[in-house]
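Scroll down for the structure; my scribbles are underneath it.
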Amino acid sequence: MEEVADVVIVGAGMVGTALACLLGKAGVKVALLDARETLLDPEAVGRGPADMRVSALTPVSRKLLEGLGAWEWMAGRRVSPYRFMQVWDTEGTGEISFSAEQAGVAKLGYIVENAVTQAALERGLKALASVRLILGARVTGLVASSDGDRCVHLADGRRLVAPLVVAADGARSPLRELAGIGVDAHETGHMAVVTTVRVERAHGEVARQAFLPTGPLAFLPLRLDRERHHCSIVWSTSQEEAERLQALSAEALGDELAAAVGQRLGEVTVVDRTLVFPLVQRHAQRYVLPGLALVGDAAHSIHPLAGQGVNLGLMDAAVLAEELLLARRRGVALGDERWLSRYARRRRGDNAGMLALMDGFRLLFGTHHPALTLARNLGLGTVDRLTPLKRLLLQQAIGKRGRLPASCR
Ligand SMILES: Cc1cc2nc3c(=O)[nH]c(=O)nc-3n(C[C@H](O)[C@H](O)[C@H](O)COP(=O)(O)OP(=O)(O)OC[C@H]3O[C@@H](n4cnc5c(N)ncnc54)[C@H](O)[C@@H]3O)c2cc1C
């Protein structure tokens, strides 16, 4: 059985679903596929136990989600704004701090459970008649059809044909592989240890990042209680160290976390399971081919150090949607590679810059060399005093880089 659409999006994660909403709002006929069998239960998310996968969303991502009508619903579900950021080096004295006021915004960002963002976007899909969501759809093949369209094969024998197929199928993107697009992969050698904690002192809407000799440790402020005593932990460290941390009792892990940030938040109590994720930086060698475009983690996966992964992906979705809608207005085929290259040009440089920045940070802070320790202490201290450079870093952090698509302004 063969179905036809204007655009087939493979992967209904946050990025694929956002793209489907952006295109669906403009009446583009979209087939959105995912191997998952079910959608999230919107009544359950943001209420009971917190989803341990959280993302720091920038004000620019918020703007996009507002435009899609998702933000209003999310706002009542434990969205945790932060107004300050503190980054320091535990090996020395370097410290840099940012505030929303310095950036000229109300909030620097928002820590949001991934399930909340996902469920909000899924709710939006339901109102869009031109988007067909197909769950339990595992893609196993991608071929070019005789008239230049792309045909996606599903494991159950179904086929979908469209002038454009978008790979939004995550960091290991089967579609990217089927299309023969290589990646520049960089084993960071790091794992991310993730959990949720209760801290003795209120977090005060500060996102904290400590650079330890073994890697960066983030305490991201959550709004699970009125007094603001919960944080999400992302501790990036070597595989060996991650395994050691995961094997610790909750009490011992809490003690290590408290000590690692110099007791800045007092006693730390681990209140959830501890998960470990491998961290690999990948960048696809191409973002587009005739009739194919890569977005989100399928195009780039980045160290969570800067909390930028999903923000970069949402920006891909916004720029690709903007370019596709312009192509439609001008009568250009949606799969036209030359037109798709406009998307690649607008996004590749920004994503590459962020990947390089993260690598630089990781290398600089992952060293014991005394000269580098001195340099980074001087560096952080100097950056903290240099207003123009600090302003530039702030603009990066809040997502205001380059030409933003209209949906994010
Ligand atoms: C520990 C950790 C912390 C992070 N912290 C942050 C943060 O603070 N801020 C931030 O912005 N980002 C963060 N990220 C990154 C962020 O989670 C990702 O960038 C984001 O989830 C990617 O979204 P996506 O929609 O591109 O891909 P995914 O969320 O991976 O979605 C891919 C979808 O494709 C589907 N799929 C896969 N294969 C197939 C197939 N063959 N057929 C059909 N469907 C398929 C999957 O079922 C899935 O639903 C973090 C990541 C990690 C690991």
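By order in the structure tokens, chains are A, B, ...; within a chain, residues start at 1; ligands start at 1, following the order shown.
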
- [ ] Extract, using only C-alpha atoms, all DNA, RNA and protein residues at most 12 Å from Gly349 in chain A, discarding same-chain residues fewer than 3 positions from it, and format them as a PyMOL selection string.
- [x] chain A and resi 283+286-287+300+312+316+342-346+352-356+401-403

Export N, CA and C atoms of the chosen residues as a PDB file, in the first residue's frame?
```pdb
ATOM      1  N   HIS A 283      28.442  15.111  13.802  1.00  0.00           N
ATOM      2  CA  HIS A 283      27.953  16.128  12.872  1.00  0.00           C
ATOM      3  C   HIS A 283      27.850  15.483  11.502  1.00  0.00           C
ATOM      4  N   ARG A 286      26.638  16.017   5.486  1.00  0.00           N
ATOM      5  CA  ARG A 286      25.737  16.832   4.669  1.00  0.00           C
ATOM      6  C   ARG A 286      24.405  16.918   5.387  1.00  0.00           C
ATOM      7  N   TYR A 287      23.714  18.028   5.213  1.00  0.00           N
ATOM      8  CA  TYR A 287      22.380  18.168   5.795  1.00  0.00           C
ATOM      9  C   TYR A 287      21.294  17.856   4.778  1.00  0.00           C
ATOM     10  N   HIS A 300      23.056  16.635  14.066  1.00  0.00           N
ATOM     11  CA  HIS A 300      24.142  17.004  14.995  1.00  0.00           C
ATOM     12  C   HIS A 300      23.769  16.587  16.405  1.00  0.00           C
ATOM     13  N   LEU A 312      19.098  23.797  19.285  1.00  0.00           N
ATOM     14  CA  LEU A 312      19.635  23.803  17.914  1.00  0.00           C
ATOM     15  C   LEU A 312      18.664  23.079  16.993  1.00  0.00           C
ATOM     16  N   ASP A 316      16.645  24.340  13.703  1.00  0.00           N
ATOM     17  CA  ASP A 316      16.667  23.664  12.388  1.00  0.00           C
ATOM     18  C   ASP A 316      15.238  23.583  11.853  1.00  0.00           C
ATOM     19  N   ARG A 342      19.707  26.115   0.923  1.00  0.00           N
ATOM     20  CA  ARG A 342      19.530  27.385   1.656  1.00  0.00           C
ATOM     21  C   ARG A 342      19.374  27.082   3.143  1.00  0.00           C
ATOM     22  N   TYR A 343      18.610  26.017   3.439  1.00  0.00           N
ATOM     23  CA  TYR A 343      18.453  25.598   4.843  1.00  0.00           C
ATOM     24  C   TYR A 343      19.813  25.169   5.407  1.00  0.00           C
ATOM     25  N   ALA A 344      20.518  24.322   4.644  1.00  0.00           N
ATOM     26  CA  ALA A 344      21.811  23.817   5.124  1.00  0.00           C
ATOM     27  C   ALA A 344      22.759  24.978   5.414  1.00  0.00           C
ATOM     28  N   ARG A 345      22.786  25.964   4.504  1.00  0.00           N
ATOM     29  CA  ARG A 345      23.699  27.098   4.705  1.00  0.00           C
ATOM     30  C   ARG A 345      23.339  27.878   5.959  1.00  0.00           C
ATOM     31  N   ARG A 346      22.044  28.038   6.202  1.00  0.00           N
ATOM     32  CA  ARG A 346      21.639  28.837   7.370  1.00  0.00           C
ATOM     33  C   ARG A 346      21.903  28.107   8.684  1.00  0.00           C
ATOM     34  N   ALA A 352      27.825  24.008  13.711  1.00  0.00           N
ATOM     35  CA  ALA A 352      29.250  23.664  13.759  1.00  0.00           C
ATOM     36  C   ALA A 352      29.959  24.534  14.794  1.00  0.00           C
ATOM     37  N   GLY A 353      29.588  25.816  14.841  1.00  0.00           N
ATOM     38  CA  GLY A 353      30.202  26.736  15.800  1.00  0.00           C
ATOM     39  C   GLY A 353      29.935  26.280  17.227  1.00  0.00           C
ATOM     40  N   MET A 354      28.720  25.866  17.500  1.00  0.00           N
ATOM     41  CA  MET A 354      28.374  25.433  18.857  1.00  0.00           C
ATOM     42  C   MET A 354      29.099  24.131  19.211  1.00  0.00           C
ATOM     43  N   LEU A 355      29.207  23.203  18.231  1.00  0.00           N
ATOM     44  CA  LEU A 355      29.922  21.945  18.478  1.00  0.00           C
ATOM     45  C   LEU A 355      31.392  22.236  18.803  1.00  0.00           C
ATOM     46  N   ALA A 356      31.990  23.169  18.032  1.00  0.00           N
ATOM     47  CA  ALA A 356      33.401  23.492  18.243  1.00  0.00           C
ATOM     48  C   ALA A 356      33.602  24.157  19.605  1.00  0.00           C
ATOM     49  N   ARG A 401      21.448  34.115  17.873  1.00  0.00           N
ATOM     50  CA  ARG A 401      22.622  34.046  16.999  1.00  0.00           C
ATOM     51  C   ARG A 401      22.159  34.135  15.561  1.00  0.00           C
ATOM     52  N   GLY A 402      22.865  34.893  14.766  1.00  0.00           N
ATOM     53  CA  GLY A 402      22.597  34.939  13.330  1.00  0.00           C
ATOM     54  C   GLY A 402      21.195  35.433  13.005  1.00  0.00           C
ATOM     55  N   ARG A 403      20.755  35.100  11.763  1.00  0.00           N
ATOM     56  CA  ARG A 403      19.431  35.546  11.309  1.00  0.00           C
ATOM     57  C   ARG A 403      18.399  34.553  11.813  1.00  0.00           C
TER      58      ARG A 403
END
```

Sort by chain and increasing residue number a table of all residues of chain A within 8 Å of ligand 1, each with its closest pair of atoms and their distance in Å to one decimal, counting only C-alpha atoms and all ligand atoms, and write it as JSON lines.
```
{"residue": "A:Val10", "atom": "CA", "partner": "ligand 1", "partner_atom_place_in_ligand_line": "44 (N)", "distance": 5.6}
{"residue": "A:Gly11", "atom": "CA", "partner": "ligand 1", "partner_atom_place_in_ligand_line": "34 (O)", "distance": 3.3}
{"residue": "A:Ala12", "atom": "CA", "partner": "ligand 1", "partner_atom_place_in_ligand_line": "49 (O)", "distance": 4.8}
{"residue": "A:Gly13", "atom": "CA", "partner": "ligand 1", "partner_atom_place_in_ligand_line": "25 (O)", "distance": 3.7}
{"residue": "A:Met14", "atom": "CA", "partner": "ligand 1", "partner_atom_place_in_ligand_line": "25 (O)", "distance": 4.2}
{"residue": "A:Val15", "atom": "CA", "partner": "ligand 1", "partner_atom_place_in_ligand_line": "25 (O)", "distance": 3.8}
{"residue": "A:Gly16", "atom": "CA", "partner": "ligand 1", "partner_atom_place_in_ligand_line": "25 (O)", "distance": 5.4}
{"residue": "A:Thr17", "atom": "CA", "partner": "ligand 1", "partner_atom_place_in_ligand_line": "25 (O)", "distance": 7.5}
{"residue": "A:Leu33", "atom": "CA", "partner": "ligand 1", "partner_atom_place_in_ligand_line": "43 (C)", "distance": 5.8}
{"residue": "A:Asp34", "atom": "CA", "partner": "ligand 1", "partner_atom_place_in_ligand_line": "44 (N)", "distance": 3.7}
{"residue": "A:Ala35", "atom": "CA", "partner": "ligand 1", "partner_atom_place_in_ligand_line": "43 (C)", "distance": 4.0}
{"residue": "A:Arg36", "atom": "CA", "partner": "ligand 1", "partner_atom_place_in_ligand_line": "47 (O)", "distance": 5.2}
{"residue": "A:Arg53", "atom": "CA", "partner": "ligand 1", "partner_atom_place_in_ligand_line": "3 (C)", "distance": 6.6}
{"residue": "A:Val54", "atom": "CA", "partner": "ligand 1", "partner_atom_place_in_ligand_line": "8 (O)", "distance": 5.9}
{"residue": "A:Ser55", "atom": "CA", "partner": "ligand 1", "partner_atom_place_in_ligand_line": "8 (O)", "distance": 3.5}
{"residue": "A:Ala56", "atom": "CA", "partner": "ligand 1", "partner_atom_place_in_ligand_line": "8 (O)", "distance": 4.2}
{"residue": "A:Leu57", "atom": "CA", "partner": "ligand 1", "partner_atom_place_in_ligand_line": "11 (O)", "distance": 6.0}
{"residue": "A:Ile111", "atom": "CA", "partner": "ligand 1", "partner_atom_place_in_ligand_line": "8 (O)", "distance": 7.3}
{"residue": "A:Asn114", "atom": "CA", "partner": "ligand 1", "partner_atom_place_in_ligand_line": "17 (O)", "distance": 7.3}
{"residue": "A:Gly136", "atom": "CA", "partner": "ligand 1", "partner_atom_place_in_ligand_line": "43 (C)", "distance": 7.7}
{"residue": "A:Ala137", "atom": "CA", "partner": "ligand 1", "partner_atom_place_in_ligand_line": "43 (C)", "distance": 5.5}
{"residue": "A:Arg138", "atom": "CA", "partner": "ligand 1", "partner_atom_place_in_ligand_line": "42 (N)", "distance": 3.6}
{"residue": "A:Val139", "atom": "CA", "partner": "ligand 1", "partner_atom_place_in_ligand_line": "42 (N)", "distance": 4.0}
{"residue": "A:Thr140", "atom": "CA", "partner": "ligand 1", "partner_atom_place_in_ligand_line": "41 (N)", "distance": 6.2}
{"residue": "A:Leu154", "atom": "CA", "partner": "ligand 1", "partner_atom_place_in_ligand_line": "42 (N)", "distance": 7.8}
{"residue": "A:Ala168", "atom": "CA", "partner": "ligand 1", "partner_atom_place_in_ligand_line": "26 (O)", "distance": 5.4}
{"residue": "A:Asp169", "atom": "CA", "partner": "ligand 1", "partner_atom_place_in_ligand_line": "34 (O)", "distance": 3.3}
{"residue": "A:Gly170", "atom": "CA", "partner": "ligand 1", "partner_atom_place_in_ligand_line": "30 (O)", "distance": 3.5}
{"residue": "A:Ala171", "atom": "CA", "partner": "ligand 1", "partner_atom_place_in_ligand_line": "30 (O)", "distance": 5.9}
{"residue": "A:Arg172", "atom": "CA", "partner": "ligand 1", "partner_atom_place_in_ligand_line": "38 (N)", "distance": 7.5}
{"residue": "A:Ser173", "atom": "CA", "partner": "ligand 1", "partner_atom_place_in_ligand_line": "38 (N)", "distance": 6.0}
{"residue": "A:Pro174", "atom": "CA", "partner": "ligand 1", "partner_atom_place_in_ligand_line": "41 (N)", "distance": 5.4}
{"residue": "A:Leu175", "atom": "CA", "partner": "ligand 1", "partner_atom_place_in_ligand_line": "41 (N)", "distance": 6.9}
{"residue": "A:Ala192", "atom": "CA", "partner": "ligand 1", "partner_atom_place_in_ligand_line": "1 (C)", "distance": 5.1}
{"residue": "A:Val193", "atom": "CA", "partner": "ligand 1", "partner_atom_place_in_ligand_line": "1 (C)", "distance": 7.0}
{"residue": "A:Val194", "atom": "CA", "partner": "ligand 1", "partner_atom_place_in_ligand_line": "1 (C)", "distance": 6.2}
{"residue": "A:Val234", "atom": "CA", "partner": "ligand 1", "partner_atom_place_in_ligand_line": "1 (C)", "distance": 6.2}
{"residue": "A:Val276", "atom": "CA", "partner": "ligand 1", "partner_atom_place_in_ligand_line": "1 (C)", "distance": 7.5}
{"residue": "A:Phe277", "atom": "CA", "partner": "ligand 1", "partner_atom_place_in_ligand_line": "53 (C)", "distance": 5.6}
{"residue": "A:Pro278", "atom": "CA", "partner": "ligand 1", "partner_atom_place_in_ligand_line": "53 (C)", "distance": 7.1}
{"residue": "A:Leu279", "atom": "CA", "partner": "ligand 1", "partner_atom_place_in_ligand_line": "53 (C)", "distance": 6.6}
{"residue": "A:Val295", "atom": "CA", "partner": "ligand 1", "partner_atom_place_in_ligand_line": "26 (O)", "distance": 6.6}
{"residue": "A:Gly296", "atom": "CA", "partner": "ligand 1", "partner_atom_place_in_ligand_line": "26 (O)", "distance": 3.7}
{"residue": "A:Asp297", "atom": "CA", "partner": "ligand 1", "partner_atom_place_in_ligand_line": "26 (O)", "distance": 3.9}
{"residue": "A:Ala298", "atom": "CA", "partner": "ligand 1", "partner_atom_place_in_ligand_line": "26 (O)", "distance": 6.0}
{"residue": "A:Ser301", "atom": "CA", "partner": "ligand 1", "partner_atom_place_in_ligand_line": "19 (O)", "distance": 6.3}
{"residue": "A:Ile302", "atom": "CA", "partner": "ligand 1", "partner_atom_place_in_ligand_line": "15 (C)", "distance": 7.1}
{"residue": "A:His303", "atom": "CA", "partner": "ligand 1", "partner_atom_place_in_ligand_line": "51 (C)", "distance": 7.4}
{"residue": "A:Pro304", "atom": "CA", "partner": "ligand 1", "partner_atom_place_in_ligand_line": "4 (C)", "distance": 4.7}
{"residue": "A:Leu305", "atom": "CA", "partner": "ligand 1", "partner_atom_place_in_ligand_line": "5 (N)", "distance": 7.6}
{"residue": "A:Ala306", "atom": "CA", "partner": "ligand 1", "partner_atom_place_in_ligand_line": "8 (O)", "distance": 7.0}
{"residue": "A:Gly307", "atom": "CA", "partner": "ligand 1", "partner_atom_place_in_ligand_line": "9 (N)", "distance": 3.4}
{"residue": "A:Gln308", "atom": "CA", "partner": "ligand 1", "partner_atom_place_in_ligand_line": "11 (O)", "distance": 3.9}
{"residue": "A:Gly309", "atom": "CA", "partner": "ligand 1", "partner_atom_place_in_ligand_line": "12 (N)", "distance": 3.5}
{"residue": "A:Val310", "atom": "CA", "partner": "ligand 1", "partner_atom_place_in_ligand_line": "11 (O)", "distance": 3.5}
{"residue": "A:Asn311", "atom": "CA", "partner": "ligand 1", "partner_atom_place_in_ligand_line": "11 (O)", "distance": 4.7}
{"residue": "A:Leu312", "atom": "CA", "partner": "ligand 1", "partner_atom_place_in_ligand_line": "11 (O)", "distance": 7.0}
{"residue": "A:Gly313", "atom": "CA", "partner": "ligand 1", "partner_atom_place_in_ligand_line": "26 (O)", "distance": 5.8}
```

File dump, residues just selected, C-alpha atoms, as a PDB file, in the first residue's frame:
```pdb
ATOM      1  CA  VAL A  10      10.623  10.344  10.111  1.00  0.00           C
ATOM      2  CA  GLY A  11      10.887  10.727  13.896  1.00  0.00           C
ATOM      3  CA  ALA A  12       8.265  12.356  16.080  1.00  0.00           C
ATOM      4  CA  GLY A  13      10.594  13.489  18.857  1.00  0.00           C
ATOM      5  CA  MET A  14      10.552  17.150  19.918  1.00  0.00           C
ATOM      6  CA  VAL A  15      12.200  18.330  16.704  1.00  0.00           C
ATOM      7  CA  GLY A  16      10.193  16.253  14.200  1.00  0.00           C
ATOM      8  CA  THR A  17       6.924  17.092  15.946  1.00  0.00           C
ATOM      9  CA  LEU A  33       6.142   8.687  11.446  1.00  0.00           C
ATOM     10  CA  ASP A  34       7.540   7.203  14.590  1.00  0.00           C
ATOM     11  CA  ALA A  35       8.506   3.724  15.686  1.00  0.00           C
ATOM     12  CA  ARG A  36       6.864   4.449  19.066  1.00  0.00           C
ATOM     13  CA  ARG A  53      15.346  13.925  30.845  1.00  0.00           C
ATOM     14  CA  VAL A  54      15.190  17.687  30.995  1.00  0.00           C
ATOM     15  CA  SER A  55      16.347  20.404  28.599  1.00  0.00           C
ATOM     16  CA  ALA A  56      17.322  23.991  29.126  1.00  0.00           C
ATOM     17  CA  LEU A  57      15.162  25.873  26.610  1.00  0.00           C
ATOM     18  CA  ILE A 111      14.496  23.952  32.519  1.00  0.00           C
ATOM     19  CA  ASN A 114      11.391  16.701  27.803  1.00  0.00           C
ATOM     20  CA  GLY A 136       4.354   1.970  15.240  1.00  0.00           C
ATOM     21  CA  ALA A 137       5.996   2.867  11.930  1.00  0.00           C
ATOM     22  CA  ARG A 138       9.596   1.692  11.796  1.00  0.00           C
ATOM     23  CA  VAL A 139      11.454   2.865   8.721  1.00  0.00           C
ATOM     24  CA  THR A 140      13.580   0.193   7.087  1.00  0.00           C
ATOM     25  CA  LEU A 154       8.173   0.625   6.657  1.00  0.00           C
ATOM     26  CA  ALA A 168      14.307  13.699  12.505  1.00  0.00           C
ATOM     27  CA  ASP A 169      15.091  10.238  13.808  1.00  0.00           C
ATOM     28  CA  GLY A 170      17.666  11.082  16.456  1.00  0.00           C
ATOM     29  CA  ALA A 171      21.407  10.820  16.965  1.00  0.00           C
ATOM     30  CA  ARG A 172      21.719   7.333  15.497  1.00  0.00           C
ATOM     31  CA  SER A 173      19.445   8.290  12.566  1.00  0.00           C
ATOM     32  CA  PRO A 174      18.704   5.120  10.555  1.00  0.00           C
ATOM     33  CA  LEU A 175      17.531   7.352   7.700  1.00  0.00           C
ATOM     34  CA  ALA A 192      26.390  11.776  31.378  1.00  0.00           C
ATOM     35  CA  VAL A 193      25.150  10.738  34.801  1.00  0.00           C
ATOM     36  CA  VAL A 194      21.634  12.085  35.235  1.00  0.00           C
ATOM     37  CA  VAL A 234      23.864  16.265  34.555  1.00  0.00           C
ATOM     38  CA  VAL A 276      23.813   7.063  32.415  1.00  0.00           C
ATOM     39  CA  PHE A 277      23.997   8.175  28.753  1.00  0.00           C
ATOM     40  CA  PRO A 278      27.007   7.921  26.438  1.00  0.00           C
ATOM     41  CA  LEU A 279      28.070  11.277  25.023  1.00  0.00           C
ATOM     42  CA  VAL A 295      17.203  18.048  11.332  1.00  0.00           C
ATOM     43  CA  GLY A 296      17.853  17.869  15.083  1.00  0.00           C
ATOM     44  CA  ASP A 297      20.042  15.149  16.529  1.00  0.00           C
ATOM     45  CA  ALA A 298      20.012  13.348  13.164  1.00  0.00           C
ATOM     46  CA  SER A 301      24.423  15.735  18.526  1.00  0.00           C
ATOM     47  CA  ILE A 302      26.230  17.905  20.983  1.00  0.00           C
ATOM     48  CA  HIS A 303      27.707  17.619  24.456  1.00  0.00           C
ATOM     49  CA  PRO A 304      24.961  18.576  26.962  1.00  0.00           C
ATOM     50  CA  LEU A 305      27.434  20.942  28.619  1.00  0.00           C
ATOM     51  CA  ALA A 306      25.768  24.031  27.151  1.00  0.00           C
ATOM     52  CA  GLY A 307      22.247  22.627  27.193  1.00  0.00           C
ATOM     53  CA  GLN A 308      21.892  23.490  23.512  1.00  0.00           C
ATOM     54  CA  GLY A 309      20.919  20.176  21.832  1.00  0.00           C
ATOM     55  CA  VAL A 310      17.190  20.569  21.476  1.00  0.00           C
ATOM     56  CA  ASN A 311      17.435  24.332  20.970  1.00  0.00           C
ATOM     57  CA  LEU A 312      19.635  23.803  17.914  1.00  0.00           C
ATOM     58  CA  GLY A 313      17.161  21.185  16.677  1.00  0.00           C
TER      59      GLY A 313
END
```

The distance between CA of Ala185 in chain A and CA of Gln239 in chain A is 17.4 Å

**OP:** Please provide as a list of chain:residue names all residues within 9 Å of Glu323 in chain A, with the sequence filter that same-chain residues fewer than 3 positions apart are discarded (counting only C-alpha atoms).
**Re:**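 The residues satisfying every condition are A:Ala318, A:Val319, A:Leu320, A:Leu326, A:Ala327, A:Arg328, A:Trp339, A:Leu340, A:Arg342, A:Tyr343.
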
DSSP strand (DSSP E) residues within range 214-337 of chain A, as number ranges by chain: A: 215-222, 230-238, 268-270, 275-284, 288-289, 292-294, 300-301

Give me a file of those residues, with N, CA and C atoms, as a compact mmCIF listing (two decimals), in the first residue's frame.
```txt
# COMPACT_ATOMS: atom_id res chain seq x y z
N GLY A 215 35.40 16.49 34.53
CA GLY A 215 34.34 16.90 33.60
C GLY A 215 33.34 17.84 34.25
N PRO A 216 32.45 18.44 33.45
CA PRO A 216 31.50 19.41 34.00
C PRO A 216 30.31 18.77 34.72
N LEU A 217 29.87 19.44 35.77
CA LEU A 217 28.72 18.99 36.56
C LEU A 217 27.71 20.13 36.61
N ALA A 218 26.47 19.85 36.16
CA ALA A 218 25.45 20.90 36.16
C ALA A 218 24.39 20.62 37.21
N PHE A 219 24.02 21.65 37.97
CA PHE A 219 22.87 21.64 38.87
C PHE A 219 21.84 22.57 38.23
N LEU A 220 20.81 22.01 37.64
CA LEU A 220 19.82 22.83 36.92
C LEU A 220 18.58 23.00 37.79
N PRO A 221 18.18 24.25 38.04
CA PRO A 221 17.10 24.50 39.00
C PRO A 221 15.74 24.00 38.51
N LEU A 222 15.06 23.25 39.36
CA LEU A 222 13.72 22.73 39.04
C LEU A 222 12.70 23.38 39.96
N HIS A 230 14.78 21.76 44.41
CA HIS A 230 15.14 20.59 43.60
C HIS A 230 15.99 21.00 42.39
N CYS A 231 16.89 20.12 42.02
CA CYS A 231 17.72 20.37 40.85
C CYS A 231 17.84 19.09 40.02
N SER A 232 17.99 19.30 38.72
CA SER A 232 18.30 18.19 37.84
C SER A 232 19.82 18.16 37.70
N ILE A 233 20.37 16.95 37.76
CA ILE A 233 21.83 16.82 37.71
C ILE A 233 22.25 16.24 36.37
N VAL A 234 23.21 16.88 35.73
CA VAL A 234 23.86 16.27 34.56
C VAL A 234 25.36 16.32 34.85
N TRP A 235 25.92 15.16 35.13
CA TRP A 235 27.34 15.08 35.50
C TRP A 235 28.06 14.36 34.37
N SER A 236 28.83 15.09 33.60
CA SER A 236 29.55 14.49 32.47
C SER A 236 30.93 14.08 32.95
N THR A 237 31.26 12.83 32.76
CA THR A 237 32.53 12.36 33.27
C THR A 237 32.98 11.12 32.49
N SER A 238 34.14 10.59 32.86
CA SER A 238 34.66 9.43 32.13
C SER A 238 33.75 8.22 32.38
N VAL A 268 22.91 17.49 49.89
CA VAL A 268 22.23 17.08 48.65
C VAL A 268 21.63 15.68 48.85
N THR A 269 20.34 15.54 48.56
CA THR A 269 19.68 14.24 48.70
C THR A 269 19.21 13.77 47.33
N VAL A 270 19.66 12.60 46.93
CA VAL A 270 19.25 12.06 45.62
C VAL A 270 17.83 11.50 45.77
N LEU A 275 20.53 7.60 35.88
CA LEU A 275 20.67 7.06 34.53
C LEU A 275 22.01 7.50 33.96
N VAL A 276 22.54 6.71 33.04
CA VAL A 276 23.81 7.06 32.41
C VAL A 276 23.64 7.04 30.89
N PHE A 277 24.07 8.11 30.22
CA PHE A 277 24.00 8.18 28.75
C PHE A 277 25.40 8.36 28.18
N PRO A 278 25.71 7.65 27.10
CA PRO A 278 27.01 7.92 26.44
C PRO A 278 26.95 9.27 25.73
N LEU A 279 28.05 9.97 25.69
CA LEU A 279 28.07 11.28 25.02
C LEU A 279 29.00 11.24 23.82
N VAL A 280 28.40 11.31 22.66
CA VAL A 280 29.19 11.31 21.43
C VAL A 280 28.79 12.57 20.67
N GLN A 281 29.78 13.33 20.23
CA GLN A 281 29.45 14.49 19.38
C GLN A 281 29.47 14.01 17.94
N ARG A 282 28.39 14.23 17.23
CA ARG A 282 28.33 13.82 15.82
C ARG A 282 27.86 14.99 14.98
N HIS A 283 28.44 15.11 13.80
CA HIS A 283 27.95 16.13 12.87
C HIS A 283 27.85 15.48 11.50
N ALA A 284 26.65 15.50 10.93
CA ALA A 284 26.46 14.88 9.62
C ALA A 284 27.28 15.64 8.58
N VAL A 288 21.65 17.96 3.47
CA VAL A 288 20.60 17.76 2.46
C VAL A 288 21.14 16.95 1.28
N LEU A 289 20.22 16.25 0.64
CA LEU A 289 20.43 15.56 -0.64
C LEU A 289 19.16 15.83 -1.43
N LEU A 292 15.82 15.08 0.43
CA LEU A 292 16.11 14.65 1.82
C LEU A 292 16.74 15.79 2.62
N ALA A 293 16.28 15.96 3.86
CA ALA A 293 16.91 16.94 4.76
C ALA A 293 17.02 16.34 6.15
N LEU A 294 18.10 16.66 6.83
CA LEU A 294 18.33 16.17 8.20
C LEU A 294 18.08 17.32 9.18
N HIS A 300 23.06 16.63 14.07
CA HIS A 300 24.14 17.00 15.00
C HIS A 300 23.77 16.59 16.40
N SER A 301 24.68 15.93 17.09
CA SER A 301 24.42 15.74 18.53
C SER A 301 25.59 16.34 19.27
```

Which residues are near Leu394 in chain A? Cut-off 10 Å, only C-alpha atoms, ignore same chain within fewer than 5 positions. Put them as a compact mmCIF listing (two decimals) with N, CA, C and O atoms, in the first residue's frame.
```
# COMPACT_ATOMS: atom_id res chain seq x y z
N MET A 85 23.18 32.43 35.82
CA MET A 85 24.03 31.28 35.52
C MET A 85 25.37 31.50 36.20
O MET A 85 25.90 32.61 36.17
N PHE A 98 26.33 35.15 34.93
CA PHE A 98 25.48 35.87 33.99
C PHE A 98 24.13 36.10 34.64
O PHE A 98 23.68 35.28 35.43
N SER A 99 23.48 37.19 34.25
CA SER A 99 22.12 37.39 34.74
C SER A 99 21.22 37.77 33.57
O SER A 99 21.68 38.29 32.55
N ALA A 100 19.94 37.51 33.77
CA ALA A 100 18.95 37.84 32.74
C ALA A 100 18.97 39.34 32.48
O ALA A 100 18.85 39.80 31.34
N GLN A 102 21.52 41.37 32.63
CA GLN A 102 22.63 41.71 31.72
C GLN A 102 22.28 41.39 30.27
O GLN A 102 22.75 42.06 29.35
N ALA A 103 21.48 40.32 30.09
CA ALA A 103 21.13 39.92 28.72
C ALA A 103 19.94 40.70 28.19
O ALA A 103 19.58 40.54 27.02
N GLY A 104 19.31 41.50 29.04
CA GLY A 104 18.16 42.29 28.61
C GLY A 104 16.92 41.45 28.38
O GLY A 104 16.06 41.78 27.55
N LEU A 108 16.88 33.86 31.61
CA LEU A 108 17.95 33.37 30.72
C LEU A 108 17.51 32.11 29.99
O LEU A 108 17.99 31.80 28.91
N PRO A 388 31.98 43.36 26.37
CA PRO A 388 31.55 42.94 25.02
C PRO A 388 31.58 41.42 24.84
O PRO A 388 30.67 40.84 24.29
N LEU A 389 32.65 40.75 25.33
CA LEU A 389 32.76 39.31 25.17
C LEU A 389 31.67 38.60 25.98
O LEU A 389 31.04 37.64 25.53
N GLY A 399 20.32 32.05 22.81
CA GLY A 399 19.91 31.56 21.49
C GLY A 399 19.81 32.64 20.43
O GLY A 399 19.35 32.37 19.32
N LYS A 400 20.25 33.88 20.74
CA LYS A 400 20.14 34.95 19.73
C LYS A 400 21.39 34.99 18.88
O LYS A 400 22.32 35.75 19.14
```

For each of A:Gly27, A:Gly109, A:Gly92, A:Pro290, take the minimum atom-to-atom distance to Val166 in chain A, counting only C-alpha atoms, then give the residue where this is smallest.
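Checking each of A:Gly27, A:Gly109, A:Gly92, A:Pro290 against Val166 in chain A, counting only C-alpha atoms, the winner is A:Pro290.
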
CA of Val131 in chain A to CA of Lys63 in chain A, straight-line distance in Å: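 For CA of Lys63 in chain A relative to CA of Val131 in chain A, the distance reads 22.1 Å.
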
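Nearest to Val161 in chain A of all the residues A:Ile181, A:Leu142, A:Val28, A:Val261 is A:Leu142, counting only C-alpha atoms.
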